Every structure is written in C-alpha cells, then in structure tokens.
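*Asks:* Sharing start-v3.csv, CSV, C-alpha atoms:
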chain,number,residue,atom,x,y,z
M,195,MET,CA,111.6,87.8,83.6
M,196,THR,CA,114.8,85.8,83.0
M,197,SER,CA,117.4,87.7,85.0
M,198,ARG,CA,117.3,89.7,88.2
M,199,ARG,CA,118.6,92.8,86.4
M,200,TYR,CA,116.2,93.1,83.5
M,201,GLY,CA,113.9,96.1,83.6
M,202,ARG,CA,110.4,96.7,82.1
M,203,GLY,CA,109.7,98.3,78.8
M,204,PHE,CA,113.3,99.4,77.9
M,205,ALA,CA,114.0,100.5,74.3
M,206,ARG,CA,116.4,98.6,72.1
M,207,PRO,CA,120.0,99.4,72.8
M,208,ARG,CA,122.3,101.4,70.6
M,209,THR,CA,125.4,99.3,70.8
M,210,ALA,CA,127.7,101.7,69.0
M,211,ALA,CA,127.3,104.4,71.5
M,212,TYR,CA,129.1,102.3,74.2
M,213,ALA,CA,131.8,100.6,72.3
M,214,GLY,CA,134.3,103.3,73.0
M,215,LEU,CA,134.0,102.7,76.8
M,216,VAL,CA,136.2,99.6,76.6
M,217,PRO,CA,139.5,101.2,75.5
M,218,VAL,CA,138.8,104.2,77.7
M,219,ALA,CA,138.4,102.0,80.7
M,220,ALA,CA,141.5,100.0,79.9
M,221,LEU,CA,143.5,103.1,79.6
M,222,ALA,CA,142.1,104.4,82.9
M,223,LEU,CA,143.1,101.2,84.7
M,224,LEU,CA,146.6,101.3,83.4
M,225,LEU,CA,147.0,105.0,84.4
M,226,ALA,CA,145.7,104.4,87.9
M,227,ALA,CA,148.2,101.6,88.6
M,228,ALA,CA,151.1,103.1,86.7
M,229,VAL,CA,151.4,106.6,88.1
M,230,PRO,CA,154.2,106.4,90.6
M,231,GLY,CA,154.1,107.7,94.2
M,232,ALA,CA,156.0,107.3,97.4
M,233,ALA,CA,153.1,107.4,99.8
M,234,GLN,CA,151.1,104.6,98.4
M,235,GLU,CA,151.8,101.5,96.4
M,236,SER,CA,149.7,100.7,93.3
M,237,SER,CA,147.3,97.8,93.6
M,238,TRP,CA,145.0,95.7,91.4
M,239,THR,CA,141.9,93.7,92.5
M,240,LEU,CA,139.6,91.4,90.5
M,241,GLY,CA,136.3,90.2,91.8
M,242,GLY,CA,132.9,89.2,90.5
M,243,SER,CA,130.1,86.7,90.8
M,244,LEU,CA,128.3,83.9,88.9
M,245,THR,CA,124.5,83.7,89.2
M,246,GLN,CA,122.2,80.9,87.9
M,247,GLN,CA,118.5,81.3,88.0
M,248,ALA,CA,115.6,79.0,87.0
M,249,TYR,CA,111.9,80.0,87.1
M,250,ALA,CA,108.4,79.1,86.2
M,251,ALA,CA,105.7,81.7,85.5
M,252,ALA,CA,102.0,81.9,84.9
M,253,SER,CA,99.8,84.9,83.8
M,254,GLU,CA,96.1,85.5,83.4
M,255,SER,CA,94.4,88.3,81.4
M,256,GLY,CA,90.7,88.3,80.8
M,257,SER,CA,89.7,84.8,79.6
M,258,SER,CA,93.2,83.7,78.6
M,259,ALA,CA,96.0,82.2,80.6
M,260,GLU,CA,99.5,81.0,79.8
M,261,GLY,CA,102.5,79.6,81.4
M,262,SER,CA,106.2,79.7,80.8
M,263,TYR,CA,109.6,78.7,82.2
M,264,GLY,CA,113.2,79.5,81.6
M,265,SER,CA,116.7,80.0,83.0
M,266,ALA,CA,119.4,82.5,83.0
M,267,THR,CA,123.1,82.6,83.8
M,268,THR,CA,124.9,85.9,84.6
M,269,LEU,CA,128.7,86.4,84.9
M,270,GLU,CA,129.9,89.6,86.4
M,271,ALA,CA,133.5,90.8,86.8
M,272,THR,CA,135.0,93.9,88.3
M,273,LEU,CA,138.6,95.0,87.8
M,274,ARG,CA,139.9,97.9,90.1
M,275,ALA,CA,143.2,99.7,90.1
M,276,ARG,CA,144.4,102.1,92.8
M,277,GLY,CA,147.3,104.4,92.8
M,278,PRO,CA,148.5,107.3,95.0
M,279,VAL,CA,146.2,109.8,93.3
M,280,LEU,CA,144.3,107.8,90.7
M,281,ARG,CA,141.6,105.1,91.0
M,282,ALA,CA,139.9,103.3,88.2
M,283,GLU,CA,137.2,100.7,87.8
M,284,PHE,CA,135.9,98.6,84.9
M,285,SER,CA,133.1,96.2,85.4
M,286,ALA,CA,131.0,94.2,82.9
M,287,GLU,CA,128.5,91.4,82.8
M,288,ALA,CA,127.6,88.7,80.3
M,289,PHE,CA,124.3,86.9,80.4
M,290,ALA,CA,122.8,83.9,78.7
M,291,ALA,CA,119.0,83.3,78.9
M,292,ALA,CA,117.2,80.2,77.7
M,293,ALA,CA,114.0,82.2,77.1
M,294,ALA,CA,112.9,85.4,75.5
M,295,LEU,CA,113.4,88.6,77.5
M,296,PRO,CA,109.9,90.0,78.2
M,297,GLY,CA,111.1,93.5,79.1
M,298,GLY,CA,113.8,93.6,76.4
M,299,VAL,CA,117.5,93.8,77.0
M,300,PRO,CA,118.9,96.7,79.2
M,301,THR,CA,119.4,100.0,77.4
M,302,ASP,CA,123.1,100.0,78.1
M,303,THR,CA,123.8,96.6,76.4
M,304,LEU,CA,127.1,96.6,74.6
M,305,TYR,CA,126.5,93.4,72.5
M,306,SER,CA,123.1,92.0,71.6
M,307,PRO,CA,122.9,90.1,68.3
M,308,GLY,CA,119.7,89.6,66.3
M,309,ASP,CA,116.1,90.3,66.9
M,310,LEU,CA,115.3,89.2,70.5
M,311,SER,CA,111.5,89.6,70.4
M,312,ASP,CA,110.9,85.8,69.8
M,313,ALA,CA,114.3,84.4,70.7
M,314,GLU,CA,114.5,81.2,72.6
M,315,THR,CA,118.2,81.8,73.6
M,316,VAL,CA,119.8,85.1,74.2
M,317,LEU,CA,123.5,85.9,74.7
M,318,ALA,CA,124.5,89.5,75.5
M,319,ALA,CA,126.9,91.6,77.4
M,320,ARG,CA,127.1,95.1,78.8
M,321,VAL,CA,129.5,97.5,80.5
M,322,ARG,CA,128.3,98.4,84.0
M,323,THR,CA,131.0,100.9,85.2
M,324,ALA,CA,134.1,102.3,83.4
M,325,TYR,CA,135.6,105.3,85.1
M,326,VAL,CA,138.8,106.9,86.4
M,327,LYS,CA,138.9,109.1,89.5
M,328,TRP,CA,141.6,111.6,90.4
M,329,THR,CA,141.8,112.7,94.1
M,330,VAL,CA,144.1,115.4,95.6
M,331,GLU,CA,143.6,116.8,99.1
M,332,GLY,CA,139.9,116.1,99.2
M,333,PHE,CA,139.2,117.4,95.7
M,334,SER,CA,138.2,114.7,93.2
M,335,LEU,CA,137.3,114.4,89.5
M,336,THR,CA,135.6,111.3,88.2
M,337,ALA,CA,135.1,110.7,84.5
M,338,GLY,CA,133.3,107.8,82.8
M,339,ARG,CA,130.4,105.4,83.6
M,340,GLN,CA,129.7,105.6,87.3
M,341,ILE,CA,126.9,105.6,89.9
M,342,VAL,CA,126.2,109.2,90.9
M,343,ASN,CA,124.6,108.5,94.3
M,344,TYR,CA,122.1,111.3,95.0
M,345,GLY,CA,119.1,111.1,97.3
M,346,ARG,CA,118.1,108.9,100.3
M,347,GLY,CA,115.2,106.9,99.1
M,348,THR,CA,115.4,103.1,98.6
M,349,ALA,CA,112.7,102.6,96.0
M,350,TRP,CA,112.4,106.2,94.7
M,351,SER,CA,114.5,109.3,94.9
M,352,PRO,CA,113.3,112.4,92.9
M,353,VAL,CA,116.7,114.1,93.3
M,354,ASP,CA,118.6,111.0,92.0
M,355,LEU,CA,118.9,112.6,88.5
M,356,PHE,CA,121.6,110.5,87.0
M,357,THR,CA,121.0,106.9,88.2
M,358,GLU,CA,118.3,104.7,86.8
M,359,ARG,CA,116.6,102.3,89.2
M,360,ASP,CA,115.8,98.7,88.1
M,361,PHE,CA,112.8,97.2,89.8
M,362,SER,CA,112.8,93.8,88.0
M,363,GLY,CA,115.0,91.9,90.3
M,364,LEU,CA,114.7,90.5,93.9
M,365,SER,CA,115.8,93.9,95.2
M,366,VAL,CA,116.0,97.4,93.8
M,367,ALA,CA,119.2,97.8,91.7
M,368,ARG,CA,120.9,100.9,90.3
M,369,ARG,CA,122.5,101.5,86.9
M,370,GLY,CA,125.5,103.6,86.1
M,371,SER,CA,125.5,106.7,83.9
M,372,ASP,CA,128.2,108.3,81.7
M,373,ALA,CA,129.1,111.5,83.5
M,374,LEU,CA,131.9,113.9,84.6
M,375,ARG,CA,131.8,114.6,88.4
M,376,LEU,CA,133.8,117.2,90.3
M,377,THR,CA,133.7,117.2,94.2
M,378,VAL,CA,135.1,120.0,96.3
M,379,PRO,CA,135.3,119.8,100.1
M,380,LEU,CA,133.7,122.6,102.1
M,381,GLY,CA,134.7,121.4,105.5
M,382,ALA,CA,135.2,118.2,107.5
M,383,LEU,CA,131.6,117.1,107.0
M,384,SER,CA,130.4,119.0,103.9
M,385,LEU,CA,131.1,119.2,100.2
M,386,ALA,CA,130.0,120.7,96.9
M,387,GLU,CA,129.6,118.9,93.6
M,388,ALA,CA,129.2,119.6,89.9
M,389,VAL,CA,128.0,116.8,87.6
M,390,ALA,CA,127.6,116.8,83.9
M,391,SER,CA,126.0,114.0,81.8
M,392,PRO,CA,126.0,115.4,78.3
M,393,ALA,CA,124.1,113.9,75.4
M,394,SER,CA,125.1,113.8,71.7
M,395,ASN,CA,123.5,117.2,71.7
M,396,PRO,CA,125.0,119.0,74.8
M,397,ALA,CA,121.8,121.0,75.2
M,398,GLU,CA,119.9,117.8,75.8
M,399,GLY,CA,122.2,116.6,78.6
M,400,THR,CA,121.7,116.7,82.4
M,401,TYR,CA,123.7,119.1,84.6
M,402,ALA,CA,123.6,119.6,88.3
M,403,LEU,CA,125.1,121.5,91.2
M,404,ARG,CA,124.8,120.0,94.7
M,405,ALA,CA,125.9,121.0,98.3
M,406,ALA,CA,125.7,118.4,101.0
M,407,GLY,CA,126.7,118.2,104.7
M,408,LEU,CA,125.9,117.6,108.3
M,409,VAL,CA,123.6,120.2,110.0
M,410,PHE,CA,123.1,120.6,113.7
M,411,GLY,CA,125.3,117.6,114.3
M,412,THR,CA,122.5,115.1,113.6
M,413,LEU,CA,120.8,116.1,110.4
M,414,GLU,CA,122.3,115.0,107.0
M,415,GLY,CA,121.0,116.9,104.0
M,416,SER,CA,121.7,118.3,100.6
M,417,LEU,CA,120.4,120.9,98.2
M,418,VAL,CA,120.4,120.4,94.4
M,419,GLY,CA,119.8,122.6,91.4
M,420,ALA,CA,119.8,120.9,87.9
M,421,ARG,CA,119.0,121.3,84.3
M,422,LYS,CA,117.5,118.4,82.3
M,423,GLY,CA,117.8,119.5,78.7
M,424,GLY,CA,116.1,116.5,77.2
M,425,ALA,CA,113.0,117.2,79.3
M,426,GLU,CA,113.4,120.9,78.8
M,427,GLU,CA,113.0,121.7,82.5
M,428,TRP,CA,114.9,123.1,85.5
M,429,ILE,CA,114.9,121.2,88.8
M,430,VAL,CA,115.4,122.3,92.4
M,431,GLY,CA,115.3,119.9,95.3
M,432,GLY,CA,117.1,118.3,98.3
M,433,ASP,CA,117.1,115.4,100.7
M,434,PHE,CA,117.5,114.8,104.4
M,435,LYS,CA,118.1,112.0,106.9
M,436,PHE,CA,118.1,111.9,110.7
M,437,ASP,CA,117.8,109.3,113.5
M,438,LEU,CA,115.3,109.5,116.3
M,439,SER,CA,115.5,106.8,118.9
M,440,ARG,CA,115.9,103.6,117.0
M,441,ILE,CA,114.2,104.8,113.8
M,442,SER,CA,115.9,106.4,110.9
M,443,PHE,CA,113.8,108.9,108.8
M,444,HIS,CA,114.6,110.1,105.3
M,445,GLY,CA,113.1,112.2,102.6
M,446,ASP,CA,113.7,113.5,99.1
M,447,ALA,CA,111.9,116.3,97.1
M,448,ALA,CA,112.3,117.8,93.7
M,449,TYR,CA,110.3,120.5,92.0
M,450,SER,CA,110.5,120.7,88.2
M,451,ILE,CA,109.9,124.0,86.3
M,452,PRO,CA,109.2,123.5,82.5
M,453,ASP,CA,110.6,125.8,79.9
M,454,SER,CA,107.1,126.1,78.5
M,455,GLY,CA,106.0,128.0,81.6
M,456,GLY,CA,103.0,127.3,83.8
M,457,SER,CA,103.0,125.6,87.1
M,458,GLY,CA,105.8,123.2,88.0
M,459,ASN,CA,105.5,119.6,89.3
M,460,LEU,CA,106.5,118.2,92.7
M,461,ARG,CA,107.8,114.7,93.4
M,462,CYS,CA,108.7,113.7,96.9
M,463,VAL,CA,109.5,110.7,99.1
M,464,LEU,CA,109.1,110.2,102.9
M,465,GLY,CA,110.4,107.0,104.5
M,466,PHE,CA,111.8,105.3,107.5
M,467,ASP,CA,113.6,102.1,108.5
M,468,THR,CA,114.2,100.5,111.9
M,469,SER,CA,115.2,97.2,113.4
M,470,PHE,CA,113.9,95.2,116.4
M,471,GLY,CA,115.2,91.9,117.5
M,472,ASP,CA,115.8,89.8,114.4
M,473,PHE,CA,113.5,91.9,112.2
M,474,VAL,CA,114.3,94.9,109.9
M,475,LEU,CA,111.4,97.1,108.7
M,476,GLY,CA,111.4,99.8,106.1
M,477,ALA,CA,108.7,101.8,104.2
M,478,GLU,CA,108.3,104.7,101.8
M,479,TYR,CA,105.6,106.9,100.4
M,480,TYR,CA,106.1,108.5,97.0
M,481,TYR,CA,104.1,111.4,95.6
M,482,ASN,CA,104.5,111.8,91.8
M,483,GLY,CA,102.9,115.1,90.8
M,484,ALA,CA,104.5,114.9,87.4
M,485,GLY,CA,102.7,111.8,86.3
M,486,ALA,CA,104.2,109.7,83.5
M,487,ALA,CA,106.5,112.6,82.4
M,488,GLY,CA,108.2,112.5,85.8
M,489,ASP,CA,108.2,108.7,86.2
M,490,PRO,CA,107.0,106.4,83.4
M,491,LEU,CA,107.2,103.3,85.5
M,492,PHE,CA,105.1,104.8,88.3
M,493,PRO,CA,102.8,107.3,86.7
M,494,GLY,CA,100.3,107.3,89.5
M,495,ALA,CA,100.3,110.2,92.0
M,496,HIS,CA,100.4,108.0,95.1
M,497,ASN,CA,102.8,105.1,95.6
M,498,ALA,CA,104.1,103.0,98.5
M,499,TYR,CA,107.0,100.6,99.2
M,500,GLY,CA,107.5,98.3,102.1
M,501,ALA,CA,110.0,95.7,103.1
M,502,LEU,CA,110.2,93.4,106.1
M,503,SER,CA,113.0,90.9,106.7
M,504,TRP,CA,113.6,88.3,109.4
M,505,SER,CA,116.9,86.6,110.3
M,506,ALA,CA,115.2,83.3,111.2
M,507,ALA,CA,118.5,81.5,112.0
M,508,ASP,CA,122.2,81.6,111.2
M,509,TYR,CA,122.5,82.0,107.4
M,510,HIS,CA,118.7,82.0,106.8
M,511,THR,CA,116.7,85.2,106.0
M,512,LEU,CA,113.0,85.5,105.1
M,513,ALA,CA,112.0,88.7,103.4
M,514,LEU,CA,108.8,90.2,102.0
M,515,SER,CA,108.8,93.4,99.9
M,516,ALA,CA,106.1,95.1,97.9
M,517,LEU,CA,105.7,98.1,95.5
M,518,ALA,CA,102.2,99.6,95.1
M,519,ASP,CA,100.6,102.2,92.8
M,520,LEU,CA,97.8,103.3,95.2
M,521,GLU,CA,96.0,105.4,92.7
M,522,HIS,CA,95.5,102.5,90.2
M,523,ALA,CA,95.3,99.7,92.9
M,524,LEU,CA,98.3,97.9,91.4
M,525,PHE,CA,101.1,96.1,93.2
M,526,ALA,CA,104.0,93.7,92.9
M,527,ALA,CA,105.0,91.6,95.9
M,528,THR,CA,108.1,89.4,96.3
M,529,LEU,CA,108.7,86.8,99.0
M,530,THR,CA,112.3,85.4,99.3
M,531,TRP,CA,114.1,82.9,101.4
M,532,ALA,CA,117.9,83.3,101.4
M,533,TRP,CA,120.2,80.6,102.6
M,534,GLY,CA,123.9,81.5,103.0
M,535,LEU,CA,125.5,78.1,102.0
M,536,ALA,CA,129.1,79.4,102.3
M,537,GLN,CA,131.0,82.6,102.9
M,538,ASN,CA,130.9,83.6,99.2
M,539,GLY,CA,127.8,81.8,98.0
M,540,GLY,CA,124.1,81.4,98.7
M,541,LEU,CA,120.8,80.0,97.5
M,542,THR,CA,117.6,82.0,97.2
M,543,THR,CA,114.1,80.8,96.5
M,544,TYR,CA,111.4,83.4,95.6
M,545,LEU,CA,107.7,83.9,94.9
M,546,ARG,CA,106.4,87.0,93.1
M,547,LEU,CA,102.9,88.1,92.4
M,548,SER,CA,101.7,91.3,90.5
M,549,ASN,CA,98.5,92.5,89.0
M,550,GLY,CA,99.6,94.4,85.9
M,551,ARG,CA,100.1,98.1,85.2
M,552,ALA,CA,97.9,101.1,84.8
M,553,GLY,CA,95.5,100.6,81.8
M,554,THR,CA,95.9,96.8,81.8
M,555,GLU,CA,94.2,93.9,83.6
M,556,GLY,CA,95.4,90.5,84.7
M,557,TRP,CA,97.7,88.7,87.2
M,558,THR,CA,101.2,87.4,86.9
M,559,GLY,CA,102.9,84.9,89.2
M,560,GLN,CA,106.4,83.6,89.3
M,561,ALA,CA,108.4,81.1,91.3
M,562,GLY,CA,112.1,80.7,91.0
M,563,LEU,CA,115.4,79.4,92.4
M,564,GLN,CA,118.7,81.4,92.2
M,565,TRP,CA,122.1,80.6,93.4
M,566,GLU,CA,125.1,82.9,93.4
M,567,VAL,CA,128.9,82.3,93.9
M,568,LYS,CA,131.2,85.3,94.5
M,569,PHE,CA,134.9,85.4,93.8
Show this structure as structure tokens.

*Replies:*
Amino acid sequence: MTSRRYGRGFARPRTAAYAGLVPVAALALLLAAAVPGAAQESSWTLGGSLTQQAYAAASESGSSAEGSYGSATTLEATLRARGPVLRAEFSAEAFAAAAALPGGVPTDTLYSPGDLSDAETVLAARVRTAYVKWTVEGFSLTAGRQIVNYGRGTAWSPVDLFTERDFSGLSVARRGSDALRLTVPLGALSLAEAVASPASNPAEGTYALRAAGLVFGTLEGSLVGARKGGAEEWIVGGDFKFDLSRISFHGDAAYSIPDSGGSGNLRCVLGFDTSFGDFVLGAEYYYNGAGAAGDPLFPGAHNAYGALSWSAADYHTLALSALADLEHALFAATLTWAWGLAQNGGLTTYLRLSNGRAGTEGWTGQAGLQWEVKF
C-alpha cells in the first residue's frame, strides 16, 4: 500500500468517463456564487491538505518471503461556493507514489498515464466531488459527484447503495458517486428522498426511494426501496439508531430479490459505540448472506469489526482497529499513534498485520509514518 486511500483489487480506470466533470463543476461553482440574493451574500472557501507517507512492508506466503518500501505524497484541495439558494463543491486530489500500487489506482482516477503494474513512480489525479445543490424552503436537488450518505454502519452498511467504502487506509473512507438526489421535507424531523445514479445504459443504473425520520422521540430510522439494474435485483431495507444509557446502538439490513427468481439474500449489520473516561469503543457484526455477489471484499457470511481508542494525553491518541472474516479466519489489524503537532497538522505512526484473503495463505506486515498538514 502506498497511500491511505488506495483500495484492493480495483479495475483499471476509464479516464474519459470523468473528464466532463471538470467543466461541469466549474460552471456549478460560478452559478452558486453568482446568483444574486438579498438574504445571503455569496461566499467562496478553499481548503485542503498535504499528506506525506513512508512505509516498509514484509510478506510471507508458503516458503517465500519478500520485503518492500515506498513513499507517497497526496495533495487534496476543496473549493466551495455558497449563494442564497445554490451551493457547489469541487474537490480533487493528486498523488505521487515512489513505488508500484499493489491494489491498482482507484476506479475514479481522472489521469493515470502508462501501465502501472510494474511502475516505480506513479503520478495520478482524480476528482472526489463535483456537484451543485439547489435548496428552497427545505426542498433540495443535488446533481453531480457526491457522497449519498445512507445507513448507520461504520465498516459496513448494506443500505449504503451509492457510496463505496475504502478499507485500505488507516480508517474506513468513503467515495463519492455520480448521482441526482431530490430531498423533500415531510416534517420538522423527517424527509423523503429519490436518488438516481444512471449508467451509460440507464437500465443498468441504481435508483432508490428513501424515507427517514425520528420515531417515538428517541429512535432514528429509515426505510429504503431500490433497483440495482447492473446486478438485476430489487432491494428493500432500512436502518436504525438509538441511545440507551451511555451506549449508542445501530443497525442496517437489506434484502435483495433477484430478477431470476428464487430466494433472496439478506445482508445486515448490528453495532454499538460507547465512551468511558478517555476511551472510545465501537464494534460491529456483519452478516453477508449474498456472498461475493453481495460484497466481493468480504464474501464470508460472518464478519466483525472493532475499534478502541485512548486519549493518552493532550494531542496524543492510541488506537487499535481490526476487521475479521470469521468464516475464513482472516483478519487485518491496525495500531496507530496519532500526535497532534499543531492545530492544523499531525503525525501518525502505524503498524498493520493481516493474514491474506479467502483462498490464499500468508501474512503481510507493514510499518509506516504519516504526517498531514491542513490548510
């Protein structure tokens, strides 16, 4: 791994498909700030971060063992514009790695020259978000690349139909998707949504209707109905969250019904998080009844996630997290020590150990140092 955002086993990107996002996002930003209004002045903000990472890794498989080392630099920038009724955001990142990318470049990479399979130096860029949002009296319409935030789970969320999770970094990250999203208020604490993420063939896109709100004053929940044309299936599901004493519980469930008929497949998550003193603890159990078709990264039926962090002192945090495929006795654990050197910067050291994937044998260990400056 050469960057905290690179996933595992992603296909080669199709750069032409995303080239049109740049002029669309630029136009959206101009519109958001240019539309006049008396109630609110237009504003622009620019922020981002610079991250540098160096690592050394060792792996063992059967009778062979090998080691490697590398470094990566990532520059992220986000430009936001806000007007009286329009908002827009455009964010991108460029990364340079002094080693080959074992998982390949992300699928949404905009620029990635040459064959990267044996490259010693990689320079690439991608668009992370590019959208415009129109809001009037609670109604909103968002178009472009965005994070459609469904579900409650941290590591897994079966009803999170539009957002891909990335498990390769020091924490679970989420990717944006190209979508059209309409939100309609149903009351002070409830709403309804329609989301469309069409493919080049509209019949292969993903489409969903969702209703969410607060029930009985303490229970947050939602119901979702969706069509995944590419997988040729219908999905019904929902999520919930409630607090009991000092513990917060959450859950997601989705049941997929294939067009081919026969029985459907259930995927569900149950989890909790709590804090006590200087410690924060969270855990999840994930049942994947659909196997590799439902989740290619975690094809096992029974999976678990846990995370424990300790604020050891001012600006110092020690954290341990682990993902496990219980069915195949596989795991990946990461230990980090984060040191906040300044208000907008920090240093993180980490150790990671994993024992492969289903159908493979061997161990992989990695140690690294990462610093980040935000602006």

*Asks:* Pick the closest to Val463 (chain M) from M:Pro352, M:Gly562, M:Gly419, M:Gly540: which is it, counting only C-alpha atoms?

*Replies:* M:Pro352

*Asks:* Would you list the contacts of region 425-430 of chain M as an MDAnalysis selection string, taking every protein, DNA or RNA residue within 12 Å and counting only C-alpha atoms, but skipping same-chain residues closer than 3 positions in sequence?

*Replies:* chainID M and resid 352:355 397:404 416:422 433 446:462 484 487:489

*Asks:* Keeping only C-alpha atoms, write the selected residues as an mmCIF file, in the frame of the given file.

*Replies:*
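That gives us part_33.cif:
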data_model
loop_
_atom_site.group_PDB
_atom_site.id
_atom_site.type_symbol
_atom_site.label_atom_id
_atom_site.label_comp_id
_atom_site.auth_asym_id
_atom_site.auth_seq_id
_atom_site.Cartn_x
_atom_site.Cartn_y
_atom_site.Cartn_z
ATOM 1 C CA PRO M 352 113.300 112.400 92.900
ATOM 2 C CA VAL M 353 116.700 114.100 93.300
ATOM 3 C CA ASP M 354 118.600 111.000 92.000
ATOM 4 C CA LEU M 355 118.900 112.600 88.500
ATOM 5 C CA ALA M 397 121.800 121.000 75.200
ATOM 6 C CA GLU M 398 119.900 117.800 75.800
ATOM 7 C CA GLY M 399 122.200 116.600 78.600
ATOM 8 C CA THR M 400 121.700 116.700 82.400
ATOM 9 C CA TYR M 401 123.700 119.100 84.600
ATOM 10 C CA ALA M 402 123.600 119.600 88.300
ATOM 11 C CA LEU M 403 125.100 121.500 91.200
ATOM 12 C CA ARG M 404 124.800 120.000 94.700
ATOM 13 C CA SER M 416 121.700 118.300 100.600
ATOM 14 C CA LEU M 417 120.400 120.900 98.200
ATOM 15 C CA VAL M 418 120.400 120.400 94.400
ATOM 16 C CA GLY M 419 119.800 122.600 91.400
ATOM 17 C CA ALA M 420 119.800 120.900 87.900
ATOM 18 C CA ARG M 421 119.000 121.300 84.300
ATOM 19 C CA LYS M 422 117.500 118.400 82.300
ATOM 20 C CA ASP M 433 117.100 115.400 100.700
ATOM 21 C CA ASP M 446 113.700 113.500 99.100
ATOM 22 C CA ALA M 447 111.900 116.300 97.100
ATOM 23 C CA ALA M 448 112.300 117.800 93.700
ATOM 24 C CA TYR M 449 110.300 120.500 92.000
ATOM 25 C CA SER M 450 110.500 120.700 88.200
ATOM 26 C CA ILE M 451 109.900 124.000 86.300
ATOM 27 C CA PRO M 452 109.200 123.500 82.500
ATOM 28 C CA ASP M 453 110.600 125.800 79.900
ATOM 29 C CA SER M 454 107.100 126.100 78.500
ATOM 30 C CA GLY M 455 106.000 128.000 81.600
ATOM 31 C CA GLY M 456 103.000 127.300 83.800
ATOM 32 C CA SER M 457 103.000 125.600 87.100
ATOM 33 C CA GLY M 458 105.800 123.200 88.000
ATOM 34 C CA ASN M 459 105.500 119.600 89.300
ATOM 35 C CA LEU M 460 106.500 118.200 92.700
ATOM 36 C CA ARG M 461 107.800 114.700 93.400
ATOM 37 C CA CYS M 462 108.700 113.700 96.900
ATOM 38 C CA ALA M 484 104.500 114.900 87.400
ATOM 39 C CA ALA M 487 106.500 112.600 82.400
ATOM 40 C CA GLY M 488 108.200 112.500 85.800
ATOM 41 C CA ASP M 489 108.200 108.700 86.200
#

*Asks:* Between M:Ile341, M:Val389, M:Leu514, M:Leu380, which has the minimum distance to Val474 (chain M) (counting only C-alpha atoms)?

*Replies:*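 Using only C-alpha atoms, the shortest distance to Val474 (chain M) belongs to M:Leu514.
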
*Asks:* Quote the spacing between CA of Tyr325 (chain M) and CA of Ala373 (chain M) in Å to one decimal place.

*Replies:* 9.1 Å

*Asks:* Up to 12 Å from (115.7, 106.1, 117.3) in the file's coordinates: name the residues, counting all atoms listed in the file, as a ChimeraX atom specification.

*Replies:* /M:412,436-443,466-470

*Asks:* Kindly export the residues of the current selection with C-alpha atoms, as a compact mmCIF listing (two decimals), in the coordinates of the input.

*Replies:*
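File produced: part01.txt:
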# COMPACT_ATOMS: atom_id res chain seq x y z
CA THR M 412 122.50 115.10 113.60
CA PHE M 436 118.10 111.90 110.70
CA ASP M 437 117.80 109.30 113.50
CA LEU M 438 115.30 109.50 116.30
CA SER M 439 115.50 106.80 118.90
CA ARG M 440 115.90 103.60 117.00
CA ILE M 441 114.20 104.80 113.80
CA SER M 442 115.90 106.40 110.90
CA PHE M 443 113.80 108.90 108.80
CA PHE M 466 111.80 105.30 107.50
CA ASP M 467 113.60 102.10 108.50
CA THR M 468 114.20 100.50 111.90
CA SER M 469 115.20 97.20 113.40
CA PHE M 470 113.90 95.20 116.40

*Asks:* Separation of CA of Ala292 (chain M) and CA of Leu317 (chain M), in Å?

*Replies:*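 Answer for the CA of Ala292 (chain M) to CA of Leu317 (chain M) separation: 9.0 Å.
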